[in-house]
file structure.cif (mmCIF, C-alpha atoms)
data_protein
#
loop_
_atom_site.label_atom_id
_atom_site.label_comp_id
_atom_site.auth_asym_id
_atom_site.auth_seq_id
_atom_site.Cartn_x
_atom_site.Cartn_y
_atom_site.Cartn_z
CA MET W 1 75.25 120.28 95.47
CA LYS W 2 76.34 121.19 99.00
CA LEU W 3 79.50 123.20 99.61
CA LEU W 4 81.17 122.79 102.98
CA ALA W 5 81.99 126.13 104.56
CA ILE W 6 85.66 126.70 105.45
CA PRO W 7 85.04 126.34 109.23
CA ALA W 8 83.31 123.03 108.57
CA VAL W 9 86.14 121.84 106.35
CA MET W 10 88.71 122.78 108.98
CA ALA W 11 86.68 121.01 111.65
CA LEU W 12 86.79 117.85 109.54
CA LEU W 13 90.52 118.15 109.00
CA THR W 14 91.39 118.85 112.63
CA GLY W 15 88.92 116.63 114.44
CA SER W 16 91.67 115.06 116.54
CA THR W 17 92.16 118.35 118.39
CA PHE W 18 88.94 117.63 120.29
CA ALA W 19 90.58 114.61 121.94
CA HIS W 20 93.91 114.22 123.64
CA SER W 21 95.80 111.77 125.80
CA TRP W 22 99.36 111.15 126.90
CA LEU W 23 101.44 108.49 128.59
CA GLU W 24 101.52 109.08 132.33
CA CYS W 25 103.74 106.20 133.47
CA VAL W 26 105.84 103.53 131.73
CA ASP W 27 106.14 101.07 134.64
CA THR W 28 103.07 101.21 136.88
CA LYS W 29 102.78 99.00 139.95
CA VAL W 30 99.11 98.64 140.91
CA GLU W 31 98.41 96.87 144.21
CA ASN W 32 94.63 96.56 143.87
CA LYS W 33 93.87 96.61 140.15
CA LYS W 34 91.51 93.62 140.11
CA TYR W 35 89.69 94.88 143.19
CA ALA W 36 89.31 98.38 141.71
CA GLU W 37 87.95 96.95 138.46
CA ALA W 38 85.23 95.16 140.46
CA HIS W 39 84.74 98.12 142.83
CA PRO W 40 85.36 101.29 140.75
CA SER W 41 84.65 103.61 143.68
CA ALA W 42 87.72 102.25 145.49
CA THR W 43 90.93 104.25 145.51
CA LEU W 44 93.59 102.87 143.21
CA LYS W 45 96.83 102.08 145.00
CA GLN W 46 99.53 102.58 142.41
CA THR W 47 103.05 103.89 142.09
CA CYS W 48 105.19 104.73 139.06
CA LYS W 49 108.62 103.10 138.81
CA GLY W 50 109.56 104.54 135.42
CA PHE W 51 108.45 107.68 133.60
CA PRO W 52 108.32 109.03 130.04
CA ARG W 53 110.85 111.62 128.93
CA ASN W 54 111.00 114.87 130.87
CA LYS W 55 107.95 113.93 132.96
CA VAL W 56 107.00 116.99 134.96
CA HIS W 57 103.82 118.10 136.79
CA ASN W 58 103.14 114.48 137.74
CA GLY W 59 99.47 113.97 138.55
CA ASP W 60 98.50 117.58 137.75
CA TRP W 61 96.09 116.99 134.87
CA ILE W 62 95.71 120.67 133.92
CA ALA W 63 99.46 121.37 133.85
CA GLU W 64 100.21 118.12 132.01
CA SER W 65 97.51 118.82 129.44
CA THR W 66 99.15 122.15 128.65
CA TYR W 67 102.80 121.18 128.93
CA TYR W 68 102.90 117.54 128.03
CA SER W 69 100.23 116.38 125.58
CA TYR W 70 101.45 116.17 121.98
CA ASN W 71 99.49 116.13 118.74
CA PHE W 72 101.06 114.47 115.69
CA ASN W 73 99.78 117.30 113.48
CA THR W 74 103.44 118.32 113.39
CA LYS W 75 106.30 116.50 111.69
CA TYR W 76 108.23 115.18 114.67
CA ALA W 77 107.73 112.00 116.65
CA CYS W 78 108.38 113.76 119.98
CA ARG W 79 107.16 117.01 121.45
CA ASP W 80 109.83 119.75 121.52
CA ASN W 81 110.48 119.21 125.25
CA GLN W 82 111.03 115.45 124.73
CA ARG W 83 113.56 115.37 121.91
CA VAL W 84 116.72 114.92 123.97
CA PRO W 85 117.80 111.26 124.08
CA GLY W 86 117.58 109.86 127.61
CA GLN W 87 115.93 113.03 128.89
CA THR W 88 114.57 112.80 132.45
CA ALA W 89 113.07 115.18 134.99
CA PRO W 90 113.81 115.36 138.75
CA SER W 91 112.27 112.42 140.63
CA ALA W 92 111.06 110.94 137.33
CA PRO W 93 113.65 108.40 136.11
CA MET W 94 113.29 106.31 132.95
CA ALA W 95 112.09 102.74 133.38
CA THR W 96 114.52 99.85 133.70
CA ALA W 97 113.43 96.47 132.35
CA SER W 98 114.63 93.06 131.21
CA PRO W 99 113.82 91.24 127.96
CA GLY W 100 110.39 89.62 128.10
CA GLU W 101 109.30 91.65 131.14
CA LYS W 102 105.72 92.92 131.24
CA LEU W 103 105.26 96.62 131.91
CA THR W 104 101.93 98.25 132.77
CA LEU W 105 101.76 101.54 130.85
CA ARG W 106 99.26 104.06 132.23
CA PHE W 107 97.65 106.92 130.31
CA TRP W 108 94.72 109.32 130.65
CA GLY W 109 91.26 108.39 129.32
CA ASN W 110 90.13 112.04 129.15
CA GLY W 111 86.49 111.24 128.43
CA HIS W 112 87.05 108.71 125.63
CA SER W 113 86.86 105.37 127.42
CA ARG W 114 83.17 104.54 127.01
CA TRP W 115 81.15 104.21 123.80
CA ASP W 116 77.86 105.21 125.48
CA ILE W 117 79.15 108.12 127.59
CA GLY W 118 82.45 109.13 126.01
CA SER W 119 83.22 112.32 124.15
CA PRO W 120 82.37 112.36 121.32
CA ASN W 121 79.50 109.98 122.02
CA HIS W 122 79.29 106.66 120.13
CA ARG W 123 82.83 107.03 118.84
CA ASP W 124 85.32 104.16 118.75
CA PRO W 125 88.24 105.28 120.96
CA GLY W 126 90.81 103.70 118.64
CA LEU W 127 94.10 102.00 119.53
CA VAL W 128 97.29 102.47 121.48
CA ARG W 129 100.56 101.06 120.15
CA ILE W 130 104.32 101.17 120.67
CA PHE W 131 107.06 102.02 118.16
CA TRP W 132 110.79 101.27 118.38
CA ALA W 133 113.72 101.35 115.96
CA GLY W 134 114.87 97.92 117.15
CA LYS W 135 118.32 98.93 118.37
CA PRO W 136 119.87 100.92 121.26
CA GLU W 137 120.73 104.63 121.14
CA THR W 138 118.58 105.16 118.04
CA GLU W 139 115.98 107.91 117.75
CA ILE W 140 112.74 107.86 115.77
CA VAL W 141 112.76 111.49 114.69
CA TYR W 142 109.70 111.95 112.46
CA ALA W 143 106.03 111.27 113.03
CA LYS W 144 105.72 109.99 109.45
CA ASP W 145 107.84 106.99 110.50
CA LEU W 146 105.38 105.97 113.22
CA ASN W 147 103.78 103.24 111.16
CA GLU W 148 104.37 99.56 110.48
CA LYS W 149 108.00 100.41 109.70
CA TYR W 150 108.91 100.79 113.40
CA TRP W 151 105.95 99.10 115.07
CA ILE W 152 106.63 96.36 117.64
CA PRO W 153 104.53 93.36 116.52
CA GLY W 154 101.89 92.64 119.16
CA ALA W 155 102.22 96.06 120.82
CA GLN W 156 98.73 97.23 119.84
CA GLY W 157 95.46 97.26 121.75
CA ASN W 158 92.16 99.06 122.25
CA PHE W 159 92.40 102.41 124.00
CA SER W 160 89.85 101.55 126.70
CA THR W 161 89.83 97.75 127.06
CA ASP W 162 91.94 97.84 130.22
CA ALA W 163 90.55 100.81 132.17
CA VAL W 164 89.23 101.47 135.65
CA THR W 165 86.17 103.64 135.18
CA GLU W 166 83.60 104.73 137.76
CA ILE W 167 80.13 105.52 136.38
CA THR W 168 77.65 107.64 138.32
CA GLY W 169 74.55 108.32 136.25
CA ASN W 170 75.85 109.97 133.07
CA HIS W 171 79.14 110.98 134.68
CA MET W 172 82.31 109.01 133.95
CA ASN W 173 85.35 109.13 136.23
CA GLU W 174 88.24 107.54 134.36
CA LYS W 175 90.68 106.67 137.11
CA ALA W 176 93.27 105.03 134.88
CA ASN W 177 93.73 103.45 131.45
CA TYR W 178 96.34 100.74 131.12
CA PHE W 179 98.20 98.90 128.38
CA GLU W 180 100.19 95.76 129.11
CA PHE W 181 103.42 95.92 127.13
CA THR W 182 105.80 92.98 126.85
CA VAL W 183 109.39 94.06 126.30
CA PRO W 184 110.78 92.27 123.22
CA GLU W 185 113.01 89.28 123.91
CA LYS W 186 115.41 90.28 121.13
CA ILE W 187 116.68 93.50 122.65
CA GLN W 188 120.23 94.54 123.59
CA ASN W 189 121.31 96.01 126.90
CA GLY W 190 121.34 99.80 126.90
CA ARG W 191 118.97 102.72 126.37
CA HIS W 192 116.15 102.23 123.87
CA MET W 193 113.93 105.07 122.67
CA MET W 194 110.26 104.19 122.12
CA VAL W 195 107.05 106.04 121.30
CA TRP W 196 103.61 105.43 122.79
CA ALA W 197 100.92 106.51 120.33
CA TRP W 198 97.15 106.83 120.47
CA ALA W 199 95.71 106.05 117.03
CA TRP W 200 92.43 107.94 117.16
CA LYS W 201 91.97 109.21 113.60
CA ALA W 202 90.41 107.12 110.84
CA SER W 203 92.99 106.68 108.08
CA MET W 204 92.42 106.75 104.33
CA VAL W 205 93.10 103.03 103.97
CA ASP W 206 91.29 99.94 105.23
CA GLY W 207 92.78 98.01 108.11
CA LYS W 208 92.39 94.67 109.82
CA HIS W 209 90.70 95.31 113.16
CA GLY W 210 90.94 93.24 116.31
CA ASP W 211 94.24 91.40 115.81
CA PRO W 212 97.06 92.82 117.97
CA ASN W 213 99.63 90.97 115.86
CA VAL W 214 98.61 92.68 112.60
CA TYR W 215 99.27 96.40 112.19
CA ASP W 216 95.87 98.06 111.81
CA GLU W 217 96.28 100.58 108.97
CA GLY W 218 92.68 101.71 109.43
CA TRP W 219 93.79 104.04 112.24
CA ASP W 220 96.23 106.97 112.04
CA ASN W 221 98.20 108.05 115.08
CA ALA W 222 96.90 111.27 116.61
CA TRP W 223 98.68 111.79 119.96
CA GLY W 224 101.88 110.44 121.44
CA THR W 225 104.54 110.43 124.13
CA CYS W 226 108.23 109.52 123.86
CA PHE W 227 109.95 107.40 126.47
CA ASP W 228 113.17 105.48 127.05
CA LEU W 229 113.80 102.02 128.48
CA GLN W 230 117.09 101.07 130.10
CA ILE W 231 117.47 97.37 129.28
CA VAL W 232 119.43 95.10 131.60
CA ASN W 233 120.06 91.33 131.87
CA SER W 234 119.97 90.81 128.10
CA LYS W 235 122.02 88.19 126.31
CA TYR W 236 120.93 89.35 122.86
CA THR W 237 123.89 90.53 120.78
CA GLN W 238 122.57 91.02 117.25
CA ALA W 239 122.82 94.55 115.84
CA ALA W 240 119.04 95.03 115.53
CA ASN W 241 115.76 93.29 116.25
CA PRO W 242 114.74 91.43 113.05
CA ASP W 243 111.02 91.55 113.92
CA ILE W 244 110.94 95.30 113.24
CA LEU W 245 109.96 95.70 109.61
CA TYR W 246 112.57 98.38 108.92
CA ASN W 247 115.34 95.93 109.91
CA GLN W 248 114.23 93.18 107.54
CA LYS W 249 116.02 92.44 104.30
CA GLY W 250 114.40 94.05 101.28
CA TYR W 251 112.54 96.77 103.21
CA SER W 252 112.49 100.21 101.62
CA ASP W 253 110.63 103.40 102.45
CA ALA W 254 109.91 103.87 98.75
CA LYS W 255 108.10 100.53 98.49
CA MET W 256 106.01 101.20 101.59
CA GLU W 257 105.12 104.70 100.41
CA LYS W 258 104.14 103.40 96.98
CA LYS W 259 101.91 100.76 98.55
CA LEU W 260 100.22 103.40 100.70
CA GLU W 261 99.90 105.82 97.79
CA THR W 262 98.16 103.16 95.67
CA ALA W 263 95.76 102.33 98.50
CA ILE W 264 94.86 106.00 99.07
CA CYS W 265 94.92 107.61 95.65
CA SER W 266 92.75 105.01 93.93
CA LYS W 267 89.79 105.87 96.16
CA THR W 268 86.92 108.33 95.61
CA CYS W 269 86.98 111.78 97.18
CA LEU W 270 84.85 114.93 97.28
CA ARG W 271 86.40 117.55 95.01
CA GLY W 272 86.82 120.77 96.99
CA GLY W 273 84.85 119.23 99.86
CA ILE W 274 81.64 119.62 97.83
CA GLN W 275 78.89 117.06 98.24
CA GLY W 276 77.94 115.60 94.85
CA GLN W 277 81.36 116.36 93.34
CA GLU W 278 82.85 112.88 93.64
CA CYS W 279 85.93 111.98 91.64
CA THR W 280 88.20 108.94 91.54
CA GLY W 281 91.94 108.39 91.27
CA SER W 282 93.98 110.57 88.91
CA ASN W 283 90.92 112.65 87.96
CA CYS W 284 90.96 114.25 91.42
CA PRO W 285 92.87 117.22 92.89
CA PRO W 286 96.16 116.14 94.49
CA CYS W 287 95.69 117.05 98.18
CA TRP W 288 93.69 114.42 100.06
CA TYR W 289 92.34 114.57 103.63
CA LYS W 290 90.10 112.28 105.67
CA ASN W 291 88.15 112.59 108.90
CA GLU W 292 85.33 110.42 110.23
CA GLY W 293 84.92 108.44 107.04
CA GLN W 294 84.82 111.32 104.55
CA ILE W 295 87.63 111.98 102.07
CA ASN W 296 88.01 115.49 100.66
CA CYS W 297 90.49 116.57 97.98
CA PHE W 298 91.73 120.05 97.11
CA ASP W 299 93.96 121.71 94.54
CA TYR W 300 97.29 123.27 95.37
CA THR W 301 97.50 126.85 96.57
CA SER W 302 100.53 129.10 96.13
CA GLY W 303 101.82 127.00 93.29
CA THR W 304 102.57 123.56 94.70
CA THR W 305 101.47 123.76 98.35
CA CYS W 306 98.43 121.96 99.74
CA PRO W 307 95.94 124.35 101.40
CA PHE W 308 95.77 122.62 104.81
CA PRO W 309 98.36 120.76 106.95
CA ASN W 310 99.02 117.03 106.70
CA ALA W 311 97.61 116.36 103.26
CA TRP W 312 98.45 113.19 101.39
CA ASP W 313 99.83 114.47 98.10
CA CYS W 314 98.70 112.07 95.36
CA LYS W 315 100.77 113.93 92.75
CA LYS W 316 104.11 113.99 94.53
CA GLY W 317 103.55 111.08 96.91
CA GLY W 318 103.79 111.32 100.68
CA THR W 319 102.67 113.93 103.18
CA SER W 320 102.83 117.47 101.88
CA PHE W 321 105.26 119.93 103.52
CA SER W 322 105.90 123.57 102.73
CA LYS W 323 109.43 124.65 101.73
CA ARG W 324 109.98 126.07 105.21
CA GLU W 325 108.83 122.84 106.85
CA ALA W 326 111.10 120.79 104.59
CA GLU W 327 114.08 122.93 105.64
CA GLU W 328 113.18 122.42 109.31
CA VAL W 329 113.05 118.65 108.78
CA HIS W 330 116.51 118.74 107.14
CA ASN W 331 118.02 120.81 109.95
CA HIS W 332 116.47 118.60 112.62
CA ALA W 333 117.87 115.50 110.90
CA LYS W 334 121.40 116.97 111.04
CA LYS W 335 120.98 117.67 114.76
CA HIS W 336 119.98 114.07 115.53
CA ARG W 337 122.22 112.26 113.04
CA ARG W 338 124.75 111.31 115.68
CA HIS W 339 122.04 109.41 117.58
CA ASN W 340 121.00 107.38 114.57
CA LYS W 341 124.23 105.73 113.46
CA LEU W 342 123.61 102.22 112.20
#

call {"tool": "encode", "arguments": {"input": "structure.cif", "output": "structure tokens"}}
result
Amino acid sequence: MKLLAIPAVMALLTGSTFAHSWLECVDTKVENKKYAEAHPSATLKQTCKGFPRNKVHNGDWIAESTYYSYNFNTKYACRDNQRVPGQTAPSAPMATASPGEKLTLRFWGNGHSRWDIGSPNHRDPGLVRIFWAGKPETEIVYAKDLNEKYWIPGAQGNFSTDAVTEITGNHMNEKANYFEFTVPEKIQNGRHMMVWAWAWKASMVDGKHGDPNVYDEGWDNAWGTCFDLQIVNSKYTQAANPDILYNQKGYSDAKMEKKLETAICSKTCLRGGIQGQECTGSNCPPCWYKNEGQINCFDYTSGTTCPFPNAWDCKKGGTSFSKREAEEVHNHAKKHRRHNKL
């Protein structure tokens, strides 16, 4: 029997902190992309025509890493300095686009773009994907809603498939990572809030890999950036996009949560993080965590609170929050309610 020490357990639970990325530009115009892919030492000629929310310190990697990167190990979909609808920074306007237009989103690779050289080594870099409520002037407030509920079908791809990377020996210079995003055809004129997410963490359920038109539940979102699109030239007049799961008849959060709960809580986990102490389903402690293929489960502490952040609570269902966190969620919902009118 092998007991994992607390530092080791915490390392397993917070593995995503060793990687980070953020959306640098929503509408990138690259003059020599094909040439740079064939000649990685060449200088990329690119300009940004539309930025994420409150985009400051443009091009300053150190400042952006400190001020701008955002880990979903909190409860909100946007970082605290990106939660104002339509928020822009000087000389960094939101992108303007038409239905069906293709936008080249650009983000930082940060050492994760190559299997053989990346950090950590021999680690699948995961997926990037886009979320949207399917209607104008509507905010996605909580990170827990960044799932198939608000996912744009087709807006999902490998983190490093479309990257310009210069290799010199064992050194990797990631000049740019791109994701080609097609604006939905069924979208009204006006401002639309969206979320770019990097799904880097292995989830507790199995997913279908490799199909951009099927939401891959095998990856959990780890990092993200909020942005707005100003849509013009649209003739679409319906209240909401029907391709977004949340907008379809018969959808309910309760049904989706129950489906996820069944998929997670019927598995086998390591009781207390102890090797050799496997348990299955209802025989296990309620607080479940996963990182890099291993599922650990722990009992409540302080009555009914899971010991570490972001547990899946197999007793109560859903992600576990403390009483204080639940109050913050309620207060934040009141603040944003005026932006979410149906």

call {"tool": "residues_around", "arguments": {"input": "structure.cif", "residues": "region 254-261 of chain W", "least_positions_apart": "3", "cutoff": "9 Å", "atoms": "all atoms listed in the file", "output": "PDB file with C-alpha atoms, keeping the file's coordinate frame"}}
result
ATOM      1  CA  LYS W 149     108.000 100.410 109.700  1.00  0.00           C
ATOM      2  CA  VAL W 205      93.100 103.030 103.970  1.00  0.00           C
ATOM      3  CA  TYR W 251     112.540  96.770 103.210  1.00  0.00           C
ATOM      4  CA  ILE W 264      94.860 106.000  99.070  1.00  0.00           C
ATOM      5  CA  CYS W 265      94.920 107.610  95.650  1.00  0.00           C
ATOM      6  CA  SER W 266      92.750 105.010  93.930  1.00  0.00           C
ATOM      7  CA  TRP W 312      98.450 113.190 101.390  1.00  0.00           C
ATOM      8  CA  ASP W 313      99.830 114.470  98.100  1.00  0.00           C
ATOM      9  CA  CYS W 314      98.700 112.070  95.360  1.00  0.00           C
ATOM     10  CA  GLY W 317     103.550 111.080  96.910  1.00  0.00           C
ATOM     11  CA  GLY W 318     103.790 111.320 100.680  1.00  0.00           C
TER      12      GLY W 318
END

call {"tool": "closest_residue", "arguments": {"input": "structure.cif", "among": "W:Asn247, W:Asn32, W:Thr280, W:Thr319", "to": "Lys75 (chain W)", "atoms": "all atoms listed in the file"}}
result
W:Thr319

call {"tool": "resolve_selection", "arguments": {"input": "structure.cif", "expression": "the PyMOL selection byres ((chain W and resi 94-105) around 10)", "output": "PDB file with C-alpha atoms, in the frame of the given file"}}
result
ATOM      1  CA  LEU W  23     101.440 108.490 128.590  1.00  0.00           C
ATOM      2  CA  GLU W  24     101.520 109.080 132.330  1.00  0.00           C
ATOM      3  CA  CYS W  25     103.740 106.200 133.470  1.00  0.00           C
ATOM      4  CA  VAL W  26     105.840 103.530 131.730  1.00  0.00           C
ATOM      5  CA  ASP W  27     106.140 101.070 134.640  1.00  0.00           C
ATOM      6  CA  THR W  28     103.070 101.210 136.880  1.00  0.00           C
ATOM      7  CA  LYS W  29     102.780  99.000 139.950  1.00  0.00           C
ATOM      8  CA  VAL W  30      99.110  98.640 140.910  1.00  0.00           C
ATOM      9  CA  CYS W  48     105.190 104.730 139.060  1.00  0.00           C
ATOM     10  CA  LYS W  49     108.620 103.100 138.810  1.00  0.00           C
ATOM     11  CA  GLY W  50     109.560 104.540 135.420  1.00  0.00           C
ATOM     12  CA  PHE W  51     108.450 107.680 133.600  1.00  0.00           C
ATOM     13  CA  PRO W  52     108.320 109.030 130.040  1.00  0.00           C
ATOM     14  CA  ARG W  53     110.850 111.620 128.930  1.00  0.00           C
ATOM     15  CA  ASN W  54     111.000 114.870 130.870  1.00  0.00           C
ATOM     16  CA  LYS W  55     107.950 113.930 132.960  1.00  0.00           C
ATOM     17  CA  GLY W  86     117.580 109.860 127.610  1.00  0.00           C
ATOM     18  CA  GLN W  87     115.930 113.030 128.890  1.00  0.00           C
ATOM     19  CA  THR W  88     114.570 112.800 132.450  1.00  0.00           C
ATOM     20  CA  ALA W  89     113.070 115.180 134.990  1.00  0.00           C
ATOM     21  CA  SER W  91     112.270 112.420 140.630  1.00  0.00           C
ATOM     22  CA  ALA W  92     111.060 110.940 137.330  1.00  0.00           C
ATOM     23  CA  PRO W  93     113.650 108.400 136.110  1.00  0.00           C
ATOM     24  CA  ARG W 106      99.260 104.060 132.230  1.00  0.00           C
ATOM     25  CA  PHE W 107      97.650 106.920 130.310  1.00  0.00           C
ATOM     26  CA  ASN W 177      93.730 103.450 131.450  1.00  0.00           C
ATOM     27  CA  TYR W 178      96.340 100.740 131.120  1.00  0.00           C
ATOM     28  CA  PHE W 179      98.200  98.900 128.380  1.00  0.00           C
ATOM     29  CA  GLU W 180     100.190  95.760 129.110  1.00  0.00           C
ATOM     30  CA  PHE W 181     103.420  95.920 127.130  1.00  0.00           C
ATOM     31  CA  THR W 182     105.800  92.980 126.850  1.00  0.00           C
ATOM     32  CA  VAL W 183     109.390  94.060 126.300  1.00  0.00           C
ATOM     33  CA  PRO W 184     110.780  92.270 123.220  1.00  0.00           C
ATOM     34  CA  GLU W 185     113.010  89.280 123.910  1.00  0.00           C
ATOM     35  CA  LYS W 186     115.410  90.280 121.130  1.00  0.00           C
ATOM     36  CA  ILE W 187     116.680  93.500 122.650  1.00  0.00           C
ATOM     37  CA  GLN W 188     120.230  94.540 123.590  1.00  0.00           C
ATOM     38  CA  ASN W 189     121.310  96.010 126.900  1.00  0.00           C
ATOM     39  CA  GLY W 190     121.340  99.800 126.900  1.00  0.00           C
ATOM     40  CA  ARG W 191     118.970 102.720 126.370  1.00  0.00           C
ATOM     41  CA  TRP W 196     103.610 105.430 122.790  1.00  0.00           C
ATOM     42  CA  PHE W 227     109.950 107.400 126.470  1.00  0.00           C
ATOM     43  CA  ASP W 228     113.170 105.480 127.050  1.00  0.00           C
ATOM     44  CA  LEU W 229     113.800 102.020 128.480  1.00  0.00           C
ATOM     45  CA  GLN W 230     117.090 101.070 130.100  1.00  0.00           C
ATOM     46  CA  ILE W 231     117.470  97.370 129.280  1.00  0.00           C
ATOM     47  CA  VAL W 232     119.430  95.100 131.600  1.00  0.00           C
ATOM     48  CA  ASN W 233     120.060  91.330 131.870  1.00  0.00           C
ATOM     49  CA  SER W 234     119.970  90.810 128.100  1.00  0.00           C
ATOM     50  CA  LYS W 235     122.020  88.190 126.310  1.00  0.00           C
ATOM     51  CA  TYR W 236     120.930  89.350 122.860  1.00  0.00           C
TER      52      TYR W 236
END

call {"tool": "closest_residue", "arguments": {"input": "structure.cif", "among": "W:Arg123, W:Cys306, W:Ala133, W:Ile274", "to": "Gln294 (chain W)", "atoms": "all atoms listed in the file"}}
result
W:Ile274

call {"tool": "closest_residue", "arguments": {"input": "structure.cif", "among": "W:Glu148, W:Asp124, W:Glu137, W:Asp253", "to": "Trp200 (chain W)", "atoms": "only C-alpha atoms"}}
result
W:Asp124

call {"tool": "residues_near_point", "arguments": {"input": "structure.cif", "point": "(93.2, 105.2, 116.7)", "cutoff": "6 Å", "atoms": "only C-alpha atoms", "output": "list in words"}}
result
Gly126, Leu127, Trp198, Ala199, Trp200, Lys201, Trp219, Asp220 and Asn221 of chain W

call {"tool": "build_atoms", "arguments": {"input": "structure.cif", "residues": "region 275-281 of chain W", "atoms": "all heavy atoms", "output": "mmCIF file, in the coordinates of the input"}}
result
data_model
loop_
_atom_site.group_PDB
_atom_site.id
_atom_site.type_symbol
_atom_site.label_atom_id
_atom_site.label_comp_id
_atom_site.auth_asym_id
_atom_site.auth_seq_id
_atom_site.Cartn_x
_atom_site.Cartn_y
_atom_site.Cartn_z
ATOM 1 N N GLN W 275 79.764 118.210 98.384
ATOM 2 C CA GLN W 275 78.890 117.060 98.240
ATOM 3 C C GLN W 275 78.373 116.980 96.801
ATOM 4 O O GLN W 275 77.976 117.982 96.214
ATOM 5 C CB GLN W 275 77.707 117.167 99.210
ATOM 6 C CG GLN W 275 78.095 117.184 100.681
ATOM 7 C CD GLN W 275 78.601 115.843 101.160
ATOM 8 O OE1 GLN W 275 78.371 114.826 100.505
ATOM 9 N NE2 GLN W 275 79.278 115.828 102.292
ATOM 10 N N GLY W 276 78.399 115.768 96.231
ATOM 11 C CA GLY W 276 77.940 115.600 94.850
ATOM 12 C C GLY W 276 79.028 115.769 93.822
ATOM 13 O O GLY W 276 78.791 115.556 92.635
ATOM 14 N N GLN W 277 80.238 116.151 94.258
ATOM 15 C CA GLN W 277 81.360 116.360 93.340
ATOM 16 C C GLN W 277 82.402 115.250 93.525
ATOM 17 O O GLN W 277 83.592 115.506 93.721
ATOM 18 C CB GLN W 277 81.985 117.729 93.565
ATOM 19 C CG GLN W 277 81.110 118.889 93.129
ATOM 20 C CD GLN W 277 80.919 118.909 91.616
ATOM 21 O OE1 GLN W 277 81.871 118.881 90.854
ATOM 22 N NE2 GLN W 277 79.664 118.950 91.189
ATOM 23 N N GLU W 278 81.946 114.002 93.462
ATOM 24 C CA GLU W 278 82.850 112.880 93.640
ATOM 25 C C GLU W 278 83.783 112.732 92.435
ATOM 26 O O GLU W 278 83.405 113.005 91.303
ATOM 27 C CB GLU W 278 82.073 111.579 93.836
ATOM 28 C CG GLU W 278 81.328 111.488 95.151
ATOM 29 C CD GLU W 278 79.983 112.195 95.126
ATOM 30 O OE1 GLU W 278 79.609 112.721 94.056
ATOM 31 O OE2 GLU W 278 79.310 112.232 96.175
ATOM 32 N N CYS W 279 84.994 112.310 92.707
ATOM 33 C CA CYS W 279 85.930 111.980 91.640
ATOM 34 C C CYS W 279 86.783 110.810 92.125
ATOM 35 O O CYS W 279 86.836 110.517 93.324
ATOM 36 C CB CYS W 279 86.806 113.178 91.267
ATOM 37 S SG CYS W 279 87.823 113.786 92.625
ATOM 38 N N THR W 280 87.450 110.144 91.193
ATOM 39 C CA THR W 280 88.200 108.940 91.540
ATOM 40 C C THR W 280 89.595 108.976 90.934
ATOM 41 O O THR W 280 89.766 109.362 89.770
ATOM 42 C CB THR W 280 87.464 107.675 91.037
ATOM 43 O OG1 THR W 280 86.153 107.640 91.602
ATOM 44 C CG2 THR W 280 88.216 106.415 91.446
ATOM 45 N N GLY W 281 90.577 108.577 91.747
ATOM 46 C CA GLY W 281 91.940 108.390 91.270
ATOM 47 C C GLY W 281 92.577 109.630 90.683
ATOM 48 O O GLY W 281 92.502 110.729 91.240
#
